[in-house]
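Undergrad: Data: my_file19.tsv, TSV, C-alpha atoms and all ligand atoms.
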chain	number	residue	atom	x	y	z
A	294	MET	CA	-5.90	-101.67	-102.44
A	295	PRO	CA	-2.43	-101.17	-100.91
A	296	ILE	CA	0.21	-99.27	-102.86
A	297	ASN	CA	2.60	-101.93	-104.13
A	298	LEU	CA	6.13	-100.57	-104.41
A	299	SER	CA	7.70	-104.00	-104.81
A	300	GLY	CA	7.84	-103.55	-108.57
A	301	GLU	CA	6.64	-107.12	-109.17
A	302	MET	CA	5.93	-107.47	-112.89
A	303	LYS	CA	2.55	-108.78	-113.97
A	304	ARG	CA	1.04	-109.73	-117.33
A	305	VAL	CA	-1.46	-107.05	-118.27
A	306	ARG	CA	-4.11	-107.11	-121.02
A	307	ILE	CA	-4.17	-104.08	-123.33
A	308	GLU	CA	-7.52	-102.31	-123.69
A	309	SER	CA	-6.41	-100.02	-126.51
A	310	VAL	CA	-3.49	-98.30	-128.21
A	311	ARG	CA	-4.42	-95.25	-130.28
A	312	GLU	CA	-2.41	-92.65	-132.16
A	313	ILE	CA	-3.33	-89.15	-130.94
A	314	ALA	CA	-0.72	-87.19	-132.93
A	315	ARG	CA	2.05	-88.02	-135.38
A	316	ASN	CA	4.04	-90.84	-133.75
A	317	VAL	CA	2.43	-90.26	-130.37
A	318	TYR	CA	0.20	-92.90	-128.80
A	319	VAL	CA	-1.95	-93.50	-125.74
A	320	LEU	CA	-1.92	-97.06	-124.38
A	321	GLU	CA	-4.56	-98.16	-121.88
A	322	TYR	CA	-5.07	-101.11	-119.57
A	323	LYS	CA	-7.30	-101.79	-116.57
A	324	ARG	CA	-5.92	-100.29	-113.38
A	325	PHE	CA	-5.08	-102.93	-110.75
A	326	PHE	CA	-3.33	-100.75	-108.14
A	327	GLU	CA	-3.55	-97.46	-106.26
A	328	PHE	CA	-0.98	-94.82	-107.11
A	329	GLU	CA	-0.16	-91.17	-106.55
A	330	ALA	CA	-0.43	-88.79	-109.49
A	331	GLY	CA	3.02	-88.22	-110.98
A	332	GLN	CA	4.26	-91.78	-110.43
A	333	ILE	CA	5.72	-94.08	-113.06
A	334	ILE	CA	5.34	-97.69	-114.19
A	335	PRO	CA	7.68	-100.08	-115.98
A	336	VAL	CA	6.58	-101.53	-119.35
A	337	ALA	CA	8.03	-104.50	-121.23
A	338	LEU	CA	6.79	-106.91	-123.87
A	339	THR	CA	8.20	-109.99	-122.10
A	340	PRO	CA	9.17	-110.64	-118.46
A	341	ASP	CA	12.82	-111.19	-119.43
A	342	GLU	CA	13.64	-107.92	-121.17
A	343	PRO	CA	14.62	-104.76	-119.26
A	344	PRO	CA	11.50	-102.61	-118.97
A	345	ARG	CA	11.25	-98.95	-119.98
A	346	LEU	CA	9.70	-96.47	-117.56
A	347	TYR	CA	6.58	-94.39	-118.27
A	348	SER	CA	4.68	-91.74	-116.32
A	349	ILE	CA	1.07	-92.59	-115.67
A	350	ALA	CA	-1.02	-90.03	-117.59
A	351	SER	CA	-4.43	-90.99	-116.18
A	352	GLY	CA	-5.96	-89.82	-112.91
A	353	GLU	CA	-5.70	-91.68	-109.60
A	354	LYS	CA	-9.32	-92.85	-109.65
A	355	GLU	CA	-9.74	-93.61	-113.34
A	356	GLU	CA	-10.67	-97.15	-114.33
A	357	ASN	CA	-7.82	-97.42	-116.83
A	358	ILE	CA	-4.12	-96.65	-116.61
A	359	GLN	CA	-3.04	-94.47	-119.53
A	360	VAL	CA	0.49	-94.18	-120.85
A	361	LEU	CA	1.38	-91.41	-123.32
A	362	PHE	CA	4.41	-92.27	-125.43
A	363	ASN	CA	6.17	-91.22	-128.58
A	364	VAL	CA	7.73	-93.72	-130.93
A	365	VAL	CA	11.52	-93.54	-130.98
A	366	SER	CA	12.62	-94.77	-134.41
A	367	GLN	CA	15.17	-97.56	-133.85
A	368	GLY	CA	13.95	-97.77	-130.25
A	369	GLN	CA	13.72	-101.24	-128.76
A	370	LEU	CA	10.25	-100.96	-127.26
A	371	THR	CA	8.16	-98.09	-128.62
A	372	PRO	CA	7.84	-99.15	-132.32
A	373	ALA	CA	6.48	-102.53	-131.15
A	374	LEU	CA	4.35	-100.91	-128.43
A	375	SER	CA	2.61	-98.73	-131.02
A	376	GLU	CA	1.59	-101.86	-132.99
A	377	LEU	CA	-0.23	-103.52	-130.06
A	378	LYS	CA	-3.98	-104.07	-130.25
A	379	GLU	CA	-6.78	-104.72	-127.77
A	380	GLY	CA	-6.29	-108.18	-126.25
A	381	ASP	CA	-2.49	-108.18	-126.59
A	382	TYR	CA	-0.38	-108.30	-123.43
A	383	ILE	CA	2.44	-106.29	-121.88
A	384	TRP	CA	4.28	-106.70	-118.58
A	385	SER	CA	4.01	-103.97	-115.98
A	386	SER	CA	3.80	-103.38	-112.24
A	387	ALA	CA	2.19	-101.04	-109.74
A	388	GLY	CA	3.25	-97.39	-109.86
A	389	PHE	CA	6.16	-95.98	-107.89
A	390	GLY	CA	8.33	-92.86	-107.74
A	391	LYS	CA	8.58	-89.59	-105.84
A	392	PHE	CA	7.70	-87.06	-108.55
A	393	THR	CA	4.27	-86.59	-107.04
A	394	GLY	CA	1.96	-83.60	-106.99
A	395	THR	CA	0.99	-81.07	-104.38
A	396	SER	CA	-2.25	-79.39	-103.40
A	397	GLY	CA	-0.31	-76.10	-103.12
A	398	LYS	CA	0.91	-73.59	-105.66
A	399	ALA	CA	2.85	-75.20	-108.51
A	400	CYS	CA	4.18	-74.38	-111.93
A	401	TRP	CA	4.31	-77.46	-114.16
A	402	ILE	CA	6.81	-77.21	-117.00
A	403	ALA	CA	6.75	-79.99	-119.58
A	404	GLN	CA	8.29	-80.88	-122.90
A	405	GLY	CA	6.52	-83.24	-125.30
A	406	THR	CA	5.22	-86.39	-123.61
A	407	GLY	CA	6.64	-84.95	-120.37
A	408	VAL	CA	3.16	-83.52	-119.88
A	409	ALA	CA	1.96	-87.00	-118.79
A	410	PRO	CA	2.55	-86.68	-115.00
A	411	PHE	CA	0.85	-83.27	-115.02
A	412	SER	CA	-2.10	-84.74	-116.87
A	413	SER	CA	-2.36	-87.30	-114.05
A	414	MET	CA	-2.15	-84.58	-111.37
A	415	PHE	CA	-4.73	-82.46	-113.21
A	416	ARG	CA	-7.10	-85.40	-113.73
A	417	SER	CA	-6.69	-86.31	-110.04
A	418	GLY	CA	-8.13	-82.93	-109.05
A	419	GLN	CA	-4.98	-80.83	-108.61
A	420	ARG	CA	-6.20	-77.75	-110.45
A	421	GLU	CA	-6.12	-74.85	-107.97
A	422	ASP	CA	-3.07	-72.59	-108.17
A	423	LYS	CA	-1.52	-74.52	-111.03
A	424	ILE	CA	0.22	-73.17	-114.12
A	425	LEU	CA	1.10	-75.47	-116.99
A	426	ILE	CA	3.80	-74.44	-119.46
A	427	HIS	CA	3.99	-77.04	-122.23
A	428	GLY	CA	6.64	-77.09	-124.94
A	429	GLY	CA	6.03	-78.93	-128.21
A	430	ARG	CA	7.35	-78.82	-131.74
A	431	TYR	CA	4.14	-78.70	-133.77
A	432	ALA	CA	0.50	-77.65	-133.49
A	433	ASP	CA	-0.52	-81.23	-132.66
A	434	SER	CA	2.10	-81.62	-129.89
A	435	PHE	CA	-0.14	-80.23	-127.14
A	436	TYR	CA	-1.59	-83.50	-125.92
A	437	TYR	CA	-4.68	-83.27	-123.71
A	438	SER	CA	-5.06	-79.53	-124.51
A	439	ASP	CA	-8.84	-80.06	-124.83
A	440	GLU	CA	-8.86	-80.87	-121.10
A	441	PHE	CA	-6.33	-78.30	-119.86
A	442	GLU	CA	-7.48	-75.27	-121.86
A	443	PRO	CA	-11.05	-74.80	-120.58
A	444	VAL	CA	-9.98	-75.18	-116.94
A	445	LEU	CA	-6.54	-73.58	-116.70
A	446	LYS	CA	-7.34	-70.85	-119.26
A	447	GLU	CA	-4.53	-68.25	-119.29
A	448	LYS	CA	-2.55	-70.44	-116.89
A	449	TYR	CA	-2.09	-72.95	-119.71
A	450	ILE	CA	0.78	-71.72	-121.89
A	451	ARG	CA	1.74	-73.61	-125.03
A	452	CYS	CA	5.20	-72.98	-126.48
A	453	CYS	CA	5.51	-74.16	-130.06
A	454	SER	CA	9.07	-74.30	-131.37
A	455	ARG	CA	8.75	-75.32	-135.04
A	456	GLU	CA	5.47	-73.84	-136.26
A	457	ILE	CA	3.68	-70.55	-135.90
A	458	VAL	CA	0.39	-71.46	-134.26
A	459	PRO	CA	-2.18	-68.85	-133.19
A	460	GLY	CA	-2.71	-68.78	-129.43
A	461	THR	CA	0.69	-70.28	-128.68
A	462	PHE	CA	4.01	-68.70	-127.73
A	463	GLN	CA	6.53	-69.15	-130.54
A	464	GLY	CA	9.67	-70.75	-129.12
A	465	ARG	CA	10.73	-73.18	-126.43
A	466	VAL	CA	9.69	-73.15	-122.78
A	467	THR	CA	13.00	-71.55	-121.86
A	468	ASP	CA	12.36	-68.74	-124.40
A	469	TYR	CA	8.97	-68.19	-122.78
A	470	LEU	CA	10.42	-68.16	-119.24
A	471	ASN	CA	12.97	-65.59	-120.37
A	472	THR	CA	10.09	-63.22	-121.17
A	473	VAL	CA	8.60	-63.54	-117.67
A	474	GLU	CA	9.82	-60.67	-115.50
A	475	GLU	CA	9.08	-62.12	-112.08
A	476	LEU	CA	8.63	-65.72	-111.05
A	477	SER	CA	6.67	-66.57	-107.92
A	478	GLY	CA	8.98	-67.47	-105.03
A	479	ASP	CA	6.32	-69.38	-103.09
A	480	SER	CA	5.53	-71.83	-105.88
A	481	LEU	CA	7.02	-75.26	-106.53
A	482	TYR	CA	8.44	-75.79	-110.02
A	483	TYR	CA	8.02	-79.25	-111.56
A	484	LEU	CA	10.08	-79.97	-114.66
A	485	CYS	CA	9.57	-82.99	-116.91
A	486	GLY	CA	11.17	-83.85	-120.25
A	487	SER	CA	14.59	-84.57	-121.76
A	488	SER	CA	17.72	-84.04	-119.68
A	489	GLU	CA	18.68	-80.97	-121.76
A	490	MET	CA	15.29	-79.36	-121.19
A	491	VAL	CA	15.22	-80.12	-117.46
A	492	VAL	CA	18.79	-78.91	-116.84
A	493	GLU	CA	18.43	-75.78	-119.00
A	494	THR	CA	15.13	-74.87	-117.38
A	495	ARG	CA	16.43	-75.53	-113.87
A	496	ASP	CA	19.46	-73.28	-114.49
A	497	LEU	CA	17.24	-70.55	-115.89
A	498	LEU	CA	14.86	-70.69	-112.92
A	499	ILE	CA	17.78	-70.46	-110.49
A	500	LYS	CA	19.20	-67.50	-112.45
A	501	LYS	CA	15.81	-65.83	-112.12
A	502	GLY	CA	15.87	-66.22	-108.33
A	503	VAL	CA	13.90	-69.42	-107.74
A	504	PRO	CA	15.48	-71.30	-104.80
A	505	PHE	CA	16.95	-74.69	-105.78
A	506	ARG	CA	14.81	-76.44	-103.13
A	507	LYS	CA	11.65	-75.28	-104.93
A	508	ILE	CA	12.56	-77.15	-108.13
A	509	VAL	CA	11.84	-80.83	-108.76
A	510	GLY	CA	12.61	-82.66	-111.97
A	511	GLU	CA	11.79	-85.90	-113.79
A	512	ILE	CA	14.17	-86.75	-116.64
A	513	TYR	CA	12.89	-88.98	-119.48
A	514	PHE	CA	16.05	-89.47	-121.53
A	601	LIG	C1	11.30	-91.71	-115.16
A	601	LIG	C2	11.02	-91.86	-116.66
A	601	LIG	C3	9.72	-91.65	-117.13
A	601	LIG	C4	9.47	-91.74	-118.51
A	601	LIG	N1	8.19	-91.50	-118.95
A	601	LIG	C5	7.94	-91.50	-120.29
A	601	LIG	C6	6.61	-91.20	-120.79
A	601	LIG	O1	5.67	-90.98	-120.02
A	601	LIG	N2	6.45	-91.19	-122.14
A	601	LIG	C7	7.49	-91.46	-123.02
A	601	LIG	O2	7.28	-91.42	-124.25
A	601	LIG	N3	8.73	-91.76	-122.57
A	601	LIG	C8	8.97	-91.81	-121.23
A	601	LIG	N4	10.23	-92.15	-120.78
A	601	LIG	C9	11.23	-92.65	-121.76
A	601	LIG	C10	11.03	-94.17	-121.93
A	601	LIG	O3	11.40	-94.84	-120.72
A	601	LIG	C11	11.87	-94.78	-123.06
A	601	LIG	O4	13.21	-94.37	-122.90
A	601	LIG	C12	11.39	-94.36	-124.44
A	601	LIG	O5	10.03	-94.70	-124.64
A	601	LIG	C13	12.22	-95.03	-125.55
A	601	LIG	O6	12.17	-96.44	-125.40
A	601	LIG	P1	12.62	-97.38	-126.61
A	601	LIG	O7	12.88	-98.75	-126.03
A	601	LIG	O8	11.67	-97.30	-127.75
A	601	LIG	O9	13.98	-96.75	-127.09
A	601	LIG	P2	15.45	-97.17	-126.61
A	601	LIG	O10	15.89	-98.33	-127.41
A	601	LIG	O11	15.49	-97.32	-125.13
A	601	LIG	O12	16.24	-95.82	-126.87
A	601	LIG	C14	16.77	-95.40	-128.08
A	601	LIG	C15	17.29	-93.96	-127.92
A	601	LIG	O13	16.19	-93.02	-127.86
A	601	LIG	C16	16.40	-92.03	-126.83
A	601	LIG	N5	15.06	-91.70	-126.29
A	601	LIG	C17	14.47	-92.22	-125.20
A	601	LIG	N6	13.24	-91.69	-125.02
A	601	LIG	C18	13.06	-90.83	-126.04
A	601	LIG	C19	12.00	-89.99	-126.39
A	601	LIG	N7	10.85	-89.95	-125.65
A	601	LIG	N8	12.12	-89.21	-127.49
A	601	LIG	C20	13.25	-89.26	-128.24
A	601	LIG	N9	14.31	-90.04	-127.94
A	601	LIG	C21	14.22	-90.81	-126.85
A	601	LIG	C22	17.29	-92.70	-125.81
A	601	LIG	O14	18.07	-91.71	-125.15
A	601	LIG	C23	18.13	-93.64	-126.66
A	601	LIG	O15	19.27	-92.98	-127.11
A	601	LIG	C24	10.51	-92.07	-119.41
A	601	LIG	C25	11.80	-92.30	-118.92
A	601	LIG	C26	12.05	-92.20	-117.57
A	601	LIG	C27	13.46	-92.44	-117.08
How would this structure read if it were set down as structure tokens?
TA:
Amino acid sequence: MPINLSGEMKRVRIESVREIARNVYVLEYKRFFEFEAGQIIPVALTPDEPPRLYSIASGEKEENIQVLFNVVSQGQLTPALSELKEGDYIWSSAGFGKFTGTSGKACWIAQGTGVAPFSSMFRSGQREDKILIHGGRYADSFYYSDEFEPVLKEKYIRCCSREIVPGTFQGRVTDYLNTVEELSGDSLYYLCGSSEMVVETRDLLIKKGVPFRKIVGEIYF
């Protein structure tokens, strides 16, 4: 199947929508295109409304496309998206975007649902020389931890900002990075989350000596 970057929207049948944590859902539909881990897709309920963008959370070879999303109260799309059932339809297109993974050394830094592109990279086999630092508010914010933990082990660092949870760092990802004395200069740094998180983390990495060209970011909102 060729990679379709035309962005042509297509009616897509939902396989499932399930809540995996408070207000956080995984939506699935049958994959109909090839993509590179880290890419995004548009999602809309009708062909006329402006779509919202979502990272693909599933692996490149998986049968289904998975989207991990949190419900934004008063949001135009996500409250309705969370109500969808098997057999309902959305509009979407093939994946696109340049926030794609590497087989080399990388440090993945995510906030909340920003872990989705890293889940796709991980599930696509990018596991060697990877560190995942995931920031979340509560104990149940570490989506897909059952997959990451046994493989990444001590290279999977959870930073919990609003609860004290055994086995996690207490604070935000930036608090954690502040405790790290030396950051690897030959690694790429991938940042994904809100604009505040991405900008704050980027500035901190630069202050700690990471060259700007080694940092790539994907901003969600
Ligand atoms: C490149 C890219 C990839 C994205 N990937 C994902 C993803 O994988 N999962 C995901 O959940 N979201 C992702 N988003 C955000 C997503 O596109 C929507 O903005 C979000 O789901 C809200 O849509 P909505 O229509 O419900 O709310 P809207 O009506 O569009 O927005 C209402 C308000 O909520 C704010 N907002 C937007 N997203 C969030 C959020 N996640 N949490 C809190 N407030 C928010 C907006 O700034 C706005 O002020 C991505 C955005 C971009 C640009």
Undergrad: Using 3 Å of padding on each side, determine the axis-aligned box around all atoms of stretch 319-336 of chain A present in the file and give its centre and edge lengths in Å to one decimal, as AutoDock Vina command-line options.
TA:
--center_x 0.2 --center_y -95.6 --center_z -116.0 --size_x 21.0 --size_y 20.7 --size_z 25.5
Undergrad: Just the number, please: distance in Å from atom CA of A:Thr393 to atom CA of A:His427, one decimal.
TA: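 The value is 17.9 Å.
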Undergrad: Quick one: residues within 10 Å of ligand LIG 601 (chain A), with only C-alpha atoms and all ligand atoms, as a VMD selection string?
TA: chain A and resid 317 to 319 331 to 337 343 to 350 359 to 375 389 to 392 404 to 410 485 to 488 510 to 514
Undergrad: Excluding A:Lys303 and residues on its chain fewer than 5 positions from it, collect all residues at most 9 Å away from it, counting only C-alpha atoms, and give them as a PDB file with C-alpha atoms, in the coordinates of the input.
TA:
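Result file follows (out_29.pdb):
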ATOM      1  CA  PRO A 340       9.170-110.640-118.460  1.00  0.00           C
ATOM      2  CA  ILE A 383       2.440-106.290-121.880  1.00  0.00           C
ATOM      3  CA  TRP A 384       4.280-106.700-118.580  1.00  0.00           C
ATOM      4  CA  SER A 385       4.010-103.970-115.980  1.00  0.00           C
ATOM      5  CA  SER A 386       3.800-103.380-112.240  1.00  0.00           C
ATOM      6  CA  ALA A 387       2.190-101.040-109.740  1.00  0.00           C
TER       7      ALA A 387
END
Undergrad: Of the candidates A:Glu355, A:Ile457, A:Ser412, A:Glu489, which shows the shortest atom-to-atom distance to A:Asp439, using all atoms listed in the file?
TA: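 Residue with the minimum atom-to-atom distance to A:Asp439: A:Ser412.
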Undergrad: Which residue gives the smallest distance to A:Thr339 among A:Leu470, A:Leu320, A:Val305, A:Leu425, with all atoms listed in the file counted?
TA: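 The answer is A:Val305, which sits nearest to A:Thr339.
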Undergrad: Identify which of the residues A:Asn357, A:Ser477, A:Thr461, A:Ser413 lies closest to A:Cys400, counting only C-alpha atoms when measuring atom-to-atom distances.
TA: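 Residue with the minimum atom-to-atom distance to A:Cys400: A:Ser477.
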Undergrad: Calculate how many Å separate atom CA of A:Lys501 from atom CA of A:Glu474, rounding to one decimal.
TA: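 Going from atom CA of A:Lys501 over to atom CA of A:Glu474 covers 8.6 Å.
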Undergrad: Please determine, counting all atoms listed in the file, which residue among A:Glu379, A:Ala399, A:Tyr483, A:Met490 has the shortest atom-to-atom distance to A:Ile508.
TA: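 The closest residue to A:Ile508 is A:Tyr483.
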Undergrad: I'd like to know which of A:Gly428, A:Thr494, A:Ile450, A:Ile307 is closest to A:Gly464, using all atoms listed in the file.
TA: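 Looking at the shortest contact to A:Gly464, the residue is A:Gly428.
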